[in-house]
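Peer 1: Next up is a structure, given as structure tokens.
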Amino acid sequence: MKTRIDALKSKMVLPAIAAPMFLVSNPETVIAACRSGVMGSFPAPNARTTADLRDWLTRITDNVGSDDAPWAMNMITHTSYGRFDDELALIEEFQPDLVITALGGPHRVTHQVHGYGGLVFADVISPKFARKALDKGADGLVLVCSGAGGHTGEFAMLPFIEEIRSFFDGPLVVGGGIGTGRAIRAVENLGADFAYLGTRFLATRETMISQEYREMVWQSTMEDLIPSRAITGALGNWLRASVEAAGLSLEDMKETVKIDFSGDMHDAPRGWKHVWSAGQGVGGVTEPESIADVVATLCDGYRTAVEDQRKGSRYCTDAKQKNGV
């Protein structure tokens with residue numbers, strides 16, 4: 001497995017994934033990310049129909065070359081998701097390097113993905129779900145920690161990683177408020193193979209959000225987020241200004257709705273089209289950028305972090321001297 005992960009990394013300029021964002025990521029997002037040297041990804045439901053999804057996958061495979069970074073598709077495996085079989089057939093046909101499962105077990109896709117040589121990582125929010133995903137055949141885990149946008153977790157990043165590493169030494173992706181090259185290097189030092197960055201790419205020119213959404217992101221900080229299960233049934237971080245614009249009160253946001261991904265998710269009478277999400281790193285997104293711009297900035301920060309590490313720290317040396325070791 002290490003050899004396979006190293007093979008993916010060999011085509012990347014950073015150990016980072018542009019995370020799949022619902023109603024945000026599209027083929028242009030994936031293509032730009034891969035060409036810039038980070039793994040691009042998107043959620044399958046962002047394509048409104050399976051015919052649209054076929055077109056999206058065709059565009060991605062036609063425009064991501066063998067020298068570009070790998071790409072991934074995020075797939076809902078919840079039993080309520082009506083397009084599951086059609087999407088699985090397209091996965092077998094177009095063969096993404098990585099399939100990331102969410103809101104359901106990875107066992108529903110592992111046979112097909114392993115059949116063409118791909119990898120399956122499961123999106124998890126707790127050690128309990130991590131163990132279940134591994135028991136059901138996941139090759140790796142995506143830890144969604146507190147501070148992530150969209151569907152978020154409740155556990156802090158450091159102890160979450162440490163607990164997972166106590167029983168799993170395989171591939172690990174970590175997300176939750178990561179938005180700088182320094183942070184990418186930090187989670188790598190903590191034992192992650194890849195950092196998962198969503199919000200940092202949220203307002204780039206290649207995403208499909210509205211200009212109003214972009215401007216709201218540029219003007220927001222982490223204190224402008226409301227965590228709630230009232231929009232999709234799963235815990236998410238939502239921009240307060242969009243909550244207010246949708247006419248929802250703080251009391252409304254305390255409710256929990258039933259998770260249901262049946263029907264047309266683009267046209268369903270649910271709040272997620274009008275209530276917009278972001279992660280706790282939103283304060284670091286302040287101006288118009290392309291994905292290439294973001295990746296270049298991340299690379300600069302990563303290199304600086306590596307150089308700072310090489311300078312070392314006096315603390316362990318001082319402790320040894322103090323204690324006569």
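Residues are named by chain letter and number: chains run A, B, ... in the order of the structure tokens, numbers start at 1 in each chain, and ligands are numbered from 1 in the order shown.
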Which of segment 141-203 of chain A end up as alpha helix (DSSP H) when DSSP is run on this backbone - answer as a PyMOL selection string?

Peer 2: chain A and resi 157-165+181-189+199-202

Peer 1: Pick out the residues sitting within 10 Å of segment 229-231 of chain A, and hand them over as a PyMOL selection string; count only C-alpha atoms, and ignore anything fewer than 6 positions along from it in its own chain.

Peer 2: chain A and resi 151+237-238+243+248+251-259+270-276

Peer 1: Neighbouring residues of segment 161-170 of chain A were defined as those with any atom within 8 Å, considering only C-alpha atoms; residues of the same chain fewer than 6 positions away were excluded. Please report them as a count of residues only.

Peer 2: 10

Peer 1: Which residues come within 10 Å of Val144 of chain A, counting only C-alpha atoms, excluding same-chain residues fewer than 5 positions away, as a PyMOL selection string?

Peer 2: chain A and resi 123-126+149+151-157+160+173-177+196

Peer 1: With N, CA, C and O atoms retained, write the just-selected residues as a compact mmCIF listing (two decimals), in the first residue's frame.

Peer 2:
```txt
# COMPACT_ATOMS: atom_id res chain seq x y z
N ASP A 123 -14.79 8.32 4.11
CA ASP A 123 -14.94 9.57 4.85
C ASP A 123 -15.57 9.24 6.21
O ASP A 123 -16.68 8.70 6.26
N VAL A 124 -14.87 9.53 7.32
CA VAL A 124 -15.38 9.16 8.65
C VAL A 124 -15.25 10.34 9.62
O VAL A 124 -14.37 11.18 9.46
N ILE A 125 -16.13 10.35 10.63
CA ILE A 125 -16.13 11.45 11.59
C ILE A 125 -15.83 10.99 13.02
O ILE A 125 -15.86 11.80 13.94
N SER A 126 -15.53 9.71 13.21
CA SER A 126 -15.26 9.21 14.56
C SER A 126 -14.46 7.93 14.48
O SER A 126 -14.47 7.24 13.45
N GLY A 149 -15.66 22.28 6.69
CA GLY A 149 -16.87 22.89 6.16
C GLY A 149 -17.81 21.83 5.63
O GLY A 149 -17.47 20.65 5.59
N HIS A 151 -20.19 19.01 5.52
CA HIS A 151 -20.36 18.02 6.57
C HIS A 151 -19.07 17.98 7.39
O HIS A 151 -18.00 17.71 6.87
N THR A 152 -19.19 18.24 8.67
CA THR A 152 -18.02 18.39 9.53
C THR A 152 -18.01 17.33 10.61
O THR A 152 -18.96 16.55 10.75
N GLY A 153 -16.94 17.29 11.38
CA GLY A 153 -16.83 16.36 12.48
C GLY A 153 -16.89 17.08 13.81
O GLY A 153 -16.92 18.32 13.87
N GLU A 154 -16.88 16.31 14.88
CA GLU A 154 -16.95 16.89 16.23
C GLU A 154 -15.67 16.68 17.03
O GLU A 154 -15.56 17.18 18.14
N PHE A 155 -14.70 15.94 16.47
CA PHE A 155 -13.49 15.63 17.22
C PHE A 155 -12.33 16.49 16.74
O PHE A 155 -12.13 16.72 15.54
N ALA A 156 -11.53 16.96 17.70
CA ALA A 156 -10.34 17.75 17.38
C ALA A 156 -9.33 16.91 16.62
O ALA A 156 -9.20 15.71 16.82
N MET A 157 -8.60 17.59 15.74
CA MET A 157 -7.73 16.89 14.81
C MET A 157 -6.64 16.06 15.50
O MET A 157 -6.46 14.87 15.19
N PHE A 160 -7.86 12.92 17.39
CA PHE A 160 -8.52 12.05 16.41
C PHE A 160 -7.46 11.26 15.64
O PHE A 160 -7.54 10.03 15.51
N VAL A 173 -6.02 10.46 5.23
CA VAL A 173 -6.26 11.83 4.77
C VAL A 173 -6.91 12.57 5.93
O VAL A 173 -7.77 12.02 6.61
N VAL A 174 -6.50 13.81 6.16
CA VAL A 174 -7.03 14.56 7.30
C VAL A 174 -7.52 15.92 6.84
O VAL A 174 -6.81 16.65 6.14
N GLY A 175 -8.76 16.26 7.24
CA GLY A 175 -9.33 17.56 6.90
C GLY A 175 -9.96 18.22 8.10
O GLY A 175 -10.38 17.56 9.05
N GLY A 176 -10.05 19.55 8.03
CA GLY A 176 -10.69 20.32 9.10
C GLY A 176 -9.93 21.60 9.39
O GLY A 176 -9.04 21.61 10.23
N GLY A 177 -10.23 22.66 8.66
CA GLY A 177 -9.59 23.95 8.92
C GLY A 177 -8.20 24.09 8.34
O GLY A 177 -7.48 25.03 8.70
N TYR A 196 -6.55 17.45 3.45
CA TYR A 196 -7.82 17.62 2.73
C TYR A 196 -8.22 19.08 2.85
O TYR A 196 -8.55 19.56 3.94
```

Peer 1: Please compute the atom CA of Thr58 of chain A-atom CA of Phe94 of chain A distance, one decimal, in Å.

Peer 2: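 Taking atom CA of Thr58 of chain A and atom CA of Phe94 of chain A, their separation equals 7.8 Å.
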
Peer 1: Contacts of Val120 of chain A at 9 Å or less, counting only C-alpha atoms, minus same-chain residues fewer than 5 places along, as a PyMOL selection string?

Peer 2: chain A and resi 97-101+106+109-110+113-114+137-141

Peer 1: Give me the residues near Gln219 of chain A as a PyMOL selection string, where near means some atom within 8 Å (using only C-alpha atoms) and where sequence neighbours in that chain fewer than 3 positions away do not count.

Peer 2: chain A and resi 215-216+283+286

Peer 1: How far is it from atom CA of Thr180 of chain A to atom CA of Leu298 of chain A, in Å with one decimal?

Peer 2: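 Computing it gives 5.5 Å between the two atoms.
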
Peer 1: Please indicate the distance in Å from atom CA of Trp71 of chain A to atom CA of Cys145 of chain A, rounded to one decimal place.

Peer 2: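 Calculated distance between atom CA of Trp71 of chain A and atom CA of Cys145 of chain A is 22.2 Å.
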
Peer 1: With only C-alpha atoms as the basis for distance, which of A:Thr199, A:Ser290, A:Asn74, A:Gln280 is at the shortest distance from Pro20 of chain A?

Peer 2: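 So, comparing all the options, the nearest one is A:Asn74.
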
Peer 1: Which of these residues is nearest to Gly65 of chain A, using only C-alpha atoms: A:Gly279, A:Gly147, A:Pro159, A:Gly37?

Peer 2: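 With only C-alpha atoms as the atom set, the closest residue is A:Gly37.
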
Peer 1: From a DSSP pass on the backbone, collect the residues of segment 26-270 of chain A flagged as strand (DSSP E) and hand them back as an MDAnalysis selection string.

Peer 2: chainID A and resid 39:43 71:76 98:102 119:124 140:144 150:151 172:175 194:197 225:228 236:239

Peer 1: Could you save the residues just selected, with N, CA and C atoms, as a compact mmCIF listing (two decimals), in the first residue's frame?

Peer 2:
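Ended up saving to again00.txt:
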```
# COMPACT_ATOMS: atom_id res chain seq x y z
N MET A 39 -4.24 16.71 -5.89
CA MET A 39 -5.30 15.81 -6.32
C MET A 39 -6.62 16.57 -6.39
N GLY A 40 -7.29 16.49 -7.54
CA GLY A 40 -8.60 17.10 -7.69
C GLY A 40 -9.68 16.09 -7.40
N SER A 41 -10.82 16.57 -6.93
CA SER A 41 -11.93 15.66 -6.63
C SER A 41 -13.25 16.41 -6.73
N PHE A 42 -14.34 15.65 -6.84
CA PHE A 42 -15.67 16.25 -6.86
C PHE A 42 -16.68 15.23 -6.39
N PRO A 43 -17.82 15.69 -5.83
CA PRO A 43 -18.88 14.76 -5.45
C PRO A 43 -19.74 14.43 -6.68
N TRP A 71 -6.77 12.01 -9.75
CA TRP A 71 -8.06 12.60 -9.41
C TRP A 71 -8.94 11.58 -8.69
N ALA A 72 -9.93 12.11 -7.99
CA ALA A 72 -10.80 11.27 -7.16
C ALA A 72 -12.26 11.66 -7.36
N MET A 73 -13.13 10.69 -7.14
CA MET A 73 -14.57 10.97 -7.15
C MET A 73 -15.14 10.59 -5.80
N ASN A 74 -15.97 11.47 -5.27
CA ASN A 74 -16.65 11.26 -3.99
C ASN A 74 -18.05 10.73 -4.28
N MET A 75 -18.42 9.66 -3.59
CA MET A 75 -19.69 8.99 -3.88
C MET A 75 -20.47 8.74 -2.61
N ILE A 76 -21.74 9.09 -2.61
CA ILE A 76 -22.62 8.80 -1.48
C ILE A 76 -23.00 7.33 -1.53
N LEU A 98 -8.92 7.25 -7.18
CA LEU A 98 -9.39 7.12 -5.81
C LEU A 98 -10.90 7.37 -5.77
N VAL A 99 -11.63 6.51 -5.06
CA VAL A 99 -13.05 6.74 -4.80
C VAL A 99 -13.19 6.98 -3.30
N ILE A 100 -13.81 8.10 -2.95
CA ILE A 100 -14.01 8.47 -1.55
C ILE A 100 -15.49 8.27 -1.23
N THR A 101 -15.78 7.35 -0.33
CA THR A 101 -17.18 7.09 0.02
C THR A 101 -17.58 7.96 1.21
N ALA A 102 -18.87 8.32 1.24
CA ALA A 102 -19.37 9.18 2.32
C ALA A 102 -20.79 8.77 2.68
N LEU A 119 -8.30 2.68 -5.56
CA LEU A 119 -8.33 2.65 -4.11
C LEU A 119 -9.64 3.24 -3.59
N VAL A 120 -10.08 2.74 -2.44
CA VAL A 120 -11.30 3.24 -1.80
C VAL A 120 -10.95 3.77 -0.42
N PHE A 121 -11.21 5.06 -0.21
CA PHE A 121 -11.05 5.68 1.10
C PHE A 121 -12.43 6.03 1.63
N ALA A 122 -12.64 5.86 2.90
CA ALA A 122 -13.93 6.17 3.52
C ALA A 122 -13.84 7.45 4.33
N ASP A 123 -14.79 8.32 4.11
CA ASP A 123 -14.94 9.57 4.85
C ASP A 123 -15.57 9.24 6.21
N VAL A 124 -14.87 9.53 7.32
CA VAL A 124 -15.38 9.16 8.65
C VAL A 124 -15.25 10.34 9.62
N GLY A 140 -8.22 3.11 2.93
CA GLY A 140 -7.73 4.23 3.70
C GLY A 140 -8.88 5.00 4.30
N LEU A 141 -8.55 5.99 5.12
CA LEU A 141 -9.56 6.77 5.82
C LEU A 141 -9.37 8.26 5.54
N VAL A 142 -10.49 8.96 5.45
CA VAL A 142 -10.49 10.41 5.40
C VAL A 142 -11.10 10.89 6.72
N LEU A 143 -10.29 11.47 7.58
CA LEU A 143 -10.77 11.93 8.88
C LEU A 143 -11.31 13.34 8.75
N VAL A 144 -12.60 13.48 8.92
CA VAL A 144 -13.24 14.79 8.87
C VAL A 144 -13.32 15.31 10.30
N GLY A 150 -19.01 22.25 5.19
CA GLY A 150 -19.98 21.28 4.70
C GLY A 150 -20.29 20.30 5.81
N HIS A 151 -20.19 19.01 5.52
CA HIS A 151 -20.36 18.02 6.57
C HIS A 151 -19.07 17.98 7.39
N LEU A 172 -3.93 7.70 5.30
CA LEU A 172 -4.76 8.59 6.09
C LEU A 172 -4.80 9.97 5.43
N VAL A 173 -6.02 10.46 5.23
CA VAL A 173 -6.26 11.83 4.77
C VAL A 173 -6.91 12.57 5.93
N VAL A 174 -6.50 13.81 6.16
CA VAL A 174 -7.03 14.56 7.30
C VAL A 174 -7.52 15.92 6.84
N GLY A 175 -8.76 16.26 7.24
CA GLY A 175 -9.33 17.56 6.90
C GLY A 175 -9.96 18.22 8.10
N PHE A 194 -2.09 12.67 3.38
CA PHE A 194 -2.59 13.80 2.59
C PHE A 194 -3.40 14.74 3.48
N ALA A 195 -3.31 16.03 3.18
CA ALA A 195 -4.20 17.02 3.78
C ALA A 195 -5.39 17.22 2.86
N TYR A 196 -6.55 17.45 3.45
CA TYR A 196 -7.82 17.62 2.73
C TYR A 196 -8.22 19.08 2.85
N LEU A 197 -8.21 19.83 1.74
CA LEU A 197 -8.50 21.25 1.77
C LEU A 197 -9.75 21.54 0.92
N LEU A 225 -19.61 31.32 11.45
CA LEU A 225 -20.14 30.00 11.11
C LEU A 225 -21.10 29.49 12.18
N ILE A 226 -22.11 28.75 11.73
CA ILE A 226 -23.07 28.12 12.64
C ILE A 226 -23.04 26.62 12.40
N PRO A 227 -22.63 25.81 13.37
CA PRO A 227 -22.70 24.35 13.21
C PRO A 227 -24.14 23.87 13.42
N SER A 228 -24.64 23.03 12.54
CA SER A 228 -26.04 22.62 12.64
C SER A 228 -26.30 21.35 11.84
N GLY A 236 -23.00 20.19 9.91
CA GLY A 236 -22.26 21.00 8.96
C GLY A 236 -22.00 22.38 9.53
N ASN A 237 -21.03 23.09 8.96
CA ASN A 237 -20.76 24.47 9.31
C ASN A 237 -21.33 25.37 8.22
N TRP A 238 -22.19 26.32 8.62
CA TRP A 238 -22.94 27.13 7.67
C TRP A 238 -22.67 28.61 7.91
N LEU A 239 -22.54 29.36 6.82
CA LEU A 239 -22.28 30.79 6.92
C LEU A 239 -23.51 31.52 7.48
```

Peer 1: Could you pull the residues within 12 Å of Asp62 of chain A, counting only C-alpha atoms, minus those fewer than 4 positions along the same chain, as a PyMOL selection string?

Peer 2: chain A and resi 27-28+30-31+55-58+66+68+94

Peer 1: Check the smallest atom-to-atom distance from each of A:His107, A:Arg205, A:Arg54, A:Arg314 to Thr77 of chain A using only C-alpha atoms, then report the winner.

Peer 2: A:His107
